[in-house]
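Content type mmCIF, C-alpha atoms and all ligand atoms, from the file model_0.cif:
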data_query
loop_
_atom_site.label_atom_id
_atom_site.label_comp_id
_atom_site.auth_asym_id
_atom_site.auth_seq_id
_atom_site.Cartn_x
_atom_site.Cartn_y
_atom_site.Cartn_z
CA MET F 1 119.30 9.23 101.70
CA ASN F 2 122.07 11.16 99.99
CA GLY F 3 120.50 14.61 99.98
CA LYS F 4 122.37 17.54 101.47
CA ILE F 5 121.43 21.05 102.48
CA GLY F 6 123.22 23.50 100.20
CA VAL F 7 124.45 26.77 101.71
CA PHE F 8 125.50 29.45 99.25
CA ASP F 9 127.23 32.81 99.49
CA SER F 10 129.17 35.04 97.11
CA GLY F 11 132.24 34.13 99.16
CA TYR F 12 133.04 33.77 102.83
CA GLY F 13 130.15 35.62 104.50
CA GLY F 14 127.73 32.71 104.41
CA LEU F 15 130.08 30.81 106.71
CA THR F 16 128.90 33.01 109.61
CA VAL F 17 125.38 31.71 108.95
CA PHE F 18 126.53 28.17 108.29
CA LYS F 19 128.32 28.12 111.67
CA GLU F 20 125.03 28.85 113.43
CA ILE F 21 123.06 26.42 111.24
CA ILE F 22 125.29 23.51 112.22
CA LYS F 23 125.06 24.48 115.90
CA GLU F 24 121.28 24.31 115.63
CA LEU F 25 121.12 21.33 113.24
CA PRO F 26 124.37 19.33 113.50
CA GLN F 27 122.86 16.05 112.34
CA TYR F 28 122.37 16.90 108.66
CA ASP F 29 124.69 16.60 105.66
CA TYR F 30 125.67 19.93 104.08
CA VAL F 31 127.49 21.42 101.11
CA TYR F 32 128.80 24.98 101.38
CA LEU F 33 129.57 26.81 98.15
CA GLY F 34 131.33 30.19 97.98
CA ASP F 35 131.53 31.92 94.60
CA ASN F 36 134.79 33.58 95.64
CA ALA F 37 136.07 33.83 92.07
CA ARG F 38 133.28 36.33 91.30
CA ALA F 39 132.83 37.99 94.72
CA PRO F 40 131.93 40.56 95.88
CA TYR F 41 128.38 40.62 94.58
CA GLY F 42 127.45 43.75 96.56
CA SER F 43 127.99 46.33 93.81
CA ARG F 44 126.99 44.15 90.84
CA SER F 45 123.84 44.63 88.75
CA PHE F 46 120.59 42.78 89.30
CA GLU F 47 121.11 40.70 86.13
CA THR F 48 124.64 39.66 87.07
CA VAL F 49 123.78 38.68 90.65
CA TYR F 50 120.78 36.73 89.36
CA LYS F 51 122.83 34.92 86.70
CA PHE F 52 125.70 34.02 89.08
CA THR F 53 123.33 32.93 91.85
CA LEU F 54 121.28 30.73 89.54
CA GLU F 55 124.43 29.04 88.22
CA CYS F 56 125.55 28.29 91.77
CA VAL F 57 122.12 27.03 92.80
CA GLN F 58 122.23 24.67 89.81
CA LEU F 59 125.67 23.44 90.90
CA LEU F 60 124.26 22.69 94.35
CA PHE F 61 121.27 20.90 92.83
CA ASP F 62 123.75 18.81 90.82
CA MET F 63 125.44 17.92 94.12
CA GLU F 64 122.16 16.46 95.37
CA CYS F 65 120.91 19.38 97.42
CA PRO F 66 117.09 19.40 97.36
CA LEU F 67 117.20 22.47 99.63
CA VAL F 68 119.49 25.47 99.10
CA ILE F 69 119.86 28.40 101.50
CA LEU F 70 121.09 31.65 99.97
CA ALA F 71 123.18 32.73 102.99
CA CYS F 72 123.82 36.04 101.23
CA ASN F 73 121.60 39.08 101.51
CA THR F 74 122.60 40.44 98.13
CA ALA F 75 121.66 37.19 96.36
CA SER F 76 118.49 36.91 98.45
CA ALA F 77 117.56 40.49 97.49
CA LYS F 78 118.32 40.29 93.81
CA ALA F 79 117.89 36.67 92.73
CA LEU F 80 115.73 34.66 95.12
CA ARG F 81 112.28 35.69 93.96
CA THR F 82 113.02 35.13 90.27
CA ILE F 83 114.62 31.76 90.98
CA GLN F 84 111.66 30.67 93.12
CA GLN F 85 108.99 31.87 90.72
CA LYS F 86 110.52 31.50 87.28
CA ASP F 87 113.35 28.97 87.36
CA LEU F 88 112.45 26.38 89.97
CA PRO F 89 109.23 25.21 88.31
CA LYS F 90 111.26 24.51 85.16
CA ILE F 91 114.57 23.16 86.41
CA ALA F 92 113.69 21.40 89.69
CA PRO F 93 110.06 21.67 90.76
CA ASN F 94 110.58 19.52 93.87
CA ASN F 95 113.59 21.45 95.14
CA ARG F 96 113.46 24.52 97.35
CA VAL F 97 115.57 27.68 97.62
CA LEU F 98 115.30 29.91 100.69
CA GLY F 99 116.93 33.24 101.57
CA VAL F 100 117.94 35.19 104.66
CA ILE F 101 115.77 38.30 104.27
CA ARG F 102 112.36 36.81 104.95
CA PRO F 103 113.24 35.13 108.29
CA THR F 104 114.98 38.31 109.45
CA THR F 105 112.15 40.67 108.53
CA GLU F 106 109.61 38.40 110.24
CA VAL F 107 111.14 39.18 113.64
CA ILE F 108 113.15 42.40 113.41
CA GLY F 109 110.30 44.63 114.61
CA ASN F 110 110.23 42.77 117.93
CA TYR F 111 113.68 44.07 118.83
CA SER F 112 112.86 47.78 118.73
CA HIS F 113 111.07 49.81 121.42
CA THR F 114 111.17 53.13 119.58
CA LYS F 115 110.03 51.39 116.36
CA HIS F 116 112.89 53.07 114.53
CA ILE F 117 115.53 50.77 113.09
CA GLY F 118 118.59 51.18 110.91
CA ILE F 119 120.03 48.70 108.43
CA PHE F 120 123.63 48.28 107.30
CA ALA F 121 123.91 46.33 104.02
CA THR F 122 125.65 46.17 100.66
CA GLU F 123 124.76 48.69 97.95
CA GLY F 124 122.87 45.98 96.08
CA THR F 125 120.71 45.05 99.05
CA VAL F 126 119.99 48.70 99.88
CA LYS F 127 119.05 49.60 96.29
CA SER F 128 116.81 46.57 95.90
CA GLU F 129 114.68 47.91 98.80
CA SER F 130 113.91 44.27 99.66
CA TYR F 131 114.19 44.93 103.39
CA LEU F 132 111.87 47.93 103.23
CA ILE F 133 109.29 45.97 101.24
CA GLU F 134 109.41 42.84 103.43
CA ILE F 135 109.45 44.71 106.76
CA GLN F 136 106.40 46.69 105.65
CA LYS F 137 104.49 43.38 105.39
CA PHE F 138 105.25 42.22 108.94
CA PHE F 139 105.75 45.50 110.84
CA PRO F 140 104.00 48.31 108.95
CA GLU F 141 104.50 50.67 111.91
CA LEU F 142 108.29 50.36 111.79
CA ASN F 143 110.43 53.28 110.56
CA VAL F 144 113.38 51.93 108.62
CA VAL F 145 116.45 53.70 107.24
CA GLN F 146 119.31 52.04 105.36
CA GLN F 147 123.00 52.69 104.89
CA ALA F 148 125.15 51.01 102.24
CA CYS F 149 128.66 50.11 103.47
CA PRO F 150 130.61 49.30 100.29
CA MET F 151 134.01 49.36 102.01
CA TRP F 152 133.25 46.81 104.71
CA VAL F 153 133.23 43.61 102.65
CA PRO F 154 136.65 44.39 101.07
CA LEU F 155 138.05 45.27 104.53
CA ILE F 156 136.69 42.04 105.98
CA GLU F 157 137.78 39.86 103.08
CA ASN F 158 141.30 41.27 103.45
CA ASN F 159 141.33 40.77 107.21
CA GLU F 160 141.69 44.53 107.79
CA HIS F 161 138.35 45.01 109.51
CA LEU F 162 139.78 45.31 113.00
CA SER F 163 142.79 47.40 111.95
CA GLU F 164 143.10 51.13 112.66
CA GLY F 165 142.38 51.79 108.99
CA ALA F 166 138.87 50.39 109.39
CA ASP F 167 137.86 53.00 112.01
CA TYR F 168 137.27 55.69 109.42
CA PHE F 169 134.77 53.64 107.44
CA VAL F 170 133.03 52.33 110.53
CA GLN F 171 132.50 55.87 111.86
CA LYS F 172 131.56 57.24 108.45
CA TYR F 173 128.74 54.75 107.80
CA MET F 174 127.58 54.85 111.41
CA GLN F 175 127.28 58.65 111.33
CA SER F 176 125.46 58.60 107.98
CA LEU F 177 122.95 56.10 109.33
CA LEU F 178 122.29 57.89 112.61
CA LYS F 179 121.98 61.24 110.82
CA GLN F 180 119.01 59.84 108.90
CA ASP F 181 117.03 59.06 112.06
CA ALA F 182 117.95 60.04 115.62
CA GLN F 183 115.37 57.72 117.18
CA ILE F 184 116.99 54.47 116.03
CA ASP F 185 117.40 52.00 118.91
CA THR F 186 118.19 48.90 116.82
CA ILE F 187 120.63 48.34 113.95
CA LEU F 188 120.41 45.23 111.77
CA LEU F 189 123.53 43.85 110.11
CA ALA F 190 122.00 42.78 106.80
CA CYS F 191 125.11 41.35 105.21
CA THR F 192 126.48 37.97 106.23
CA HIS F 193 130.04 39.35 106.27
CA TYR F 194 129.31 42.04 108.85
CA PRO F 195 129.34 39.98 112.07
CA LEU F 196 133.13 40.09 111.76
CA ILE F 197 133.23 43.87 112.09
CA LEU F 198 131.05 43.81 115.21
CA PRO F 199 133.88 44.42 117.72
CA LYS F 200 134.77 47.62 115.84
CA LEU F 201 131.14 48.72 115.59
CA LYS F 202 130.73 48.30 119.33
CA GLN F 203 133.49 50.86 119.91
CA TYR F 204 131.48 53.56 118.18
CA ILE F 205 127.86 52.71 118.70
CA PRO F 206 125.93 54.78 121.28
CA ASP F 207 124.99 52.72 124.37
CA HIS F 208 121.24 52.91 123.81
CA ILE F 209 121.45 51.19 120.41
CA GLN F 210 121.49 47.39 120.08
CA ILE F 211 122.96 45.57 117.10
CA VAL F 212 121.11 42.58 115.69
CA SER F 213 122.98 40.03 113.61
CA GLN F 214 120.92 37.57 111.60
CA GLU F 215 122.77 34.21 111.75
CA LYS F 216 120.90 32.80 114.74
CA ILE F 217 117.57 34.02 113.37
CA VAL F 218 118.21 32.25 110.05
CA ALA F 219 119.33 29.02 111.74
CA LYS F 220 116.23 28.90 113.93
CA SER F 221 113.99 29.60 110.96
CA LEU F 222 115.61 26.75 108.99
CA LYS F 223 114.94 24.38 111.88
CA GLU F 224 111.27 25.37 111.88
CA TYR F 225 111.10 25.06 108.09
CA LEU F 226 112.40 21.47 108.20
CA GLN F 227 109.85 20.61 110.90
CA ARG F 228 107.06 21.97 108.70
CA HIS F 229 108.33 20.25 105.53
CA PRO F 230 108.93 16.53 106.11
CA GLU F 231 108.88 15.96 102.33
CA ILE F 232 112.17 17.93 102.12
CA GLU F 233 113.60 16.92 105.50
CA SER F 234 113.26 13.21 104.72
CA LYS F 235 115.54 13.60 101.67
CA ILE F 236 118.46 15.00 103.68
CA GLY F 237 121.19 12.62 104.88
CA LYS F 238 121.86 12.61 108.62
CA ARG F 239 125.49 11.65 108.93
CA GLY F 240 126.77 15.09 109.92
CA ASN F 241 128.89 15.40 106.74
CA ARG F 242 130.09 18.86 105.68
CA PHE F 243 131.60 19.52 102.28
CA PHE F 244 133.06 22.87 101.23
CA TYR F 245 133.55 24.19 97.71
CA THR F 246 134.85 27.46 96.34
CA THR F 247 135.03 28.74 92.78
CA ALA F 248 138.43 30.31 93.57
CA GLU F 249 141.70 28.74 94.72
CA ALA F 250 141.09 26.30 97.57
CA ASP F 251 144.24 27.29 99.49
CA TRP F 252 143.22 30.94 99.64
CA PHE F 253 139.73 30.01 100.66
CA ASN F 254 140.88 27.66 103.41
CA GLU F 255 143.21 30.26 104.88
CA LYS F 256 140.61 33.02 105.19
CA ALA F 257 137.57 30.86 105.78
CA GLU F 258 138.75 30.04 109.30
CA LEU F 259 138.15 33.69 110.26
CA PHE F 260 134.46 33.34 109.43
CA TYR F 261 133.84 29.73 110.40
CA GLY F 262 135.98 29.52 113.52
CA GLU F 263 137.59 26.21 112.50
CA LYS F 264 139.89 24.95 109.79
CA ILE F 265 138.17 24.09 106.51
CA ASN F 266 139.34 21.81 103.75
CA ALA F 267 137.53 23.13 100.69
CA LYS F 268 137.87 21.96 97.11
CA LYS F 269 137.86 24.13 94.03
CA ILE F 270 134.90 23.73 91.72
CA SER F 271 134.77 25.33 88.30
CA LYS F 272 131.92 27.51 87.29
N1 LIG W 1 127.67 38.28 102.08
C1 LIG W 1 126.97 39.10 101.14
C2 LIG W 1 125.64 39.58 101.73
O1 LIG W 1 125.15 39.04 102.72
C3 LIG W 1 127.73 40.30 100.63
C4 LIG W 1 129.08 40.10 100.10
C5 LIG W 1 129.28 40.58 98.69
O2 LIG W 1 129.21 41.79 98.43
O3 LIG W 1 129.50 39.71 97.87
O4 LIG W 1 125.08 40.51 101.20
#
Transcribe the structure of this file into structure tokens.
Ligand code: DGL
Amino acid sequence: MNGKIGVFDSGYGGLTVFKEIIKELPQYDYVYLGDNARAPYGSRSFETVYKFTLECVQLLFDMECPLVILACNTASAKALRTIQQKDLPKIAPNNRVLGVIRPTTEVIGNYSHTKHIGIFATEGTVKSESYLIEIQKFFPELNVVQQACPMWVPLIENNEHLSEGADYFVQKYMQSLLKQDAQIDTILLACTHYPLILPKLKQYIPDHIQIVSQEKIVAKSLKEYLQRHPEIESKIGKRGNRFFYTTAEADWFNEKAELFYGEKINAKKISK
């Protein structure tokens, strides 16, 4: 068995999810791919995010990944459905591509007592309304408001997210979200980069509000998926190998990736 689980993100953010996936499922072989040369995806059009994501999914298929996880909310919001419905049947009918929005929306309603939640995400994810649509299916009684945080990914990618300069944009987006609904008791971080800004968020968040980050939810859901789908699980190698690729310069990637992954990474550059 040479199959691997592919984990994809526009750049570094998916490493926060990957870290939790390997804690939950250390035995499998994995390939992580960050499209750093073309990140961030957050403010790009539907067509562009779809095109870039499909190209990267194809690269992962070429690297023998019968299962690819889009560990990126923006790609999950803008590209996943089309890839699943239109492309997969043509290019790789036996392969599977999963996202991070579905597993998160299946459980998010269980966290809130007031049934009022807020979502922080990229502009692309907010505009797609994917969270609103999916949450409505599982928790129709839930009141959901969203806030786009376009400055957070650049702050995080430049390692400025815990600097004094970040306070302004943390307070600004927090105030805009809470102004929309005073009854919020739960805030979801719906961007895989945002767990890094959590320490700063905690300085400003009112005590009665909890923050939910999705990495553990996604990892647990992947474990359950593999249990339900032995036809996919049986294709994945179980030697604990982890390969990392970036579409940008490997040295840059390796330096910053440690922030997200918590350990040193030795990635290779792959051309897109
Ligand atoms: N990590 C991506 C997400 O979860 C966002 C980063 C980007 O804008 O490329 O939405």
Surrounding residues of Thr122 in chain F excluding itself and chain neighbours under 2 positions, 9 Å, only C-alpha atoms, as a list of chain:residue names
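Counting only C-alpha atoms, the residues come to F:Tyr41, F:Gly42, F:Ser43, F:Asn73, F:Thr74, F:Phe120, F:Gly124, F:Thr125, F:Val126, F:Lys127, F:Gln147, F:Ala148, F:Cys149, F:Pro150, F:Trp152, F:Val153, F:Ala190, F:Cys191.
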Shortest interatomic distance to ligand LIG 1 (chain W) - which of F:Val145, F:Ile22, F:Ala121, F:Ile133, counting only C-alpha atoms and all ligand atoms
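Closest candidate: F:Ala121.
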Pairwise distance for CA of Thr16 in chain F and CA of Gly262 in chain F, rounded to one decimal in Å
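Between CA of Thr16 in chain F and CA of Gly262 in chain F the gap is 8.8 Å.
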Which of F:Ala75, F:Leu67, F:Ile21, F:Leu132 sits closest to ligand LIG 1 (chain W) [using all atoms listed in the file]:
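Smallest separation from ligand LIG 1 (chain W) among the options: F:Ala75.
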Where does range 132-167 of chain F meet range 95-105 of chain F within 8 Å, residue by residue, with the nearest atom pair and distance in Å to one decimal for each, counting only C-alpha atoms, listed by chain and rising number, as CSV?
residue,atom,partner,partner_atom,distance
F:Glu134,CA,F:Thr105,CA,6.2
F:Ile135,CA,F:Thr105,CA,5.2
F:Phe138,CA,F:Thr105,CA,7.1
Please indicate the distance in Å from CA of Ile265 in chain F to CA of Ile5 in chain F, rounded to one decimal place.
17.5 Å
Using all atoms listed in the file for the distances, tell me which of F:Ile232, F:Ala71, F:Val7, F:Leu226 is nearest to ligand LIG 1 (chain W).
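Looking only at the distances to ligand LIG 1 (chain W), the closest residue turns out to be F:Ala71.
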Just give me the gap between CA of Val144 in chain F and CA of Leu178 in chain F in Å, one decimal is fine.
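These two atoms are separated by 11.4 Å.
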Between F:Ser163, F:Thr53, F:Asn266, F:Asn158, which is the closest to Tyr245 in chain F once you count only C-alpha atoms?
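Using only C-alpha atoms, the shortest distance to Tyr245 in chain F belongs to F:Asn266.
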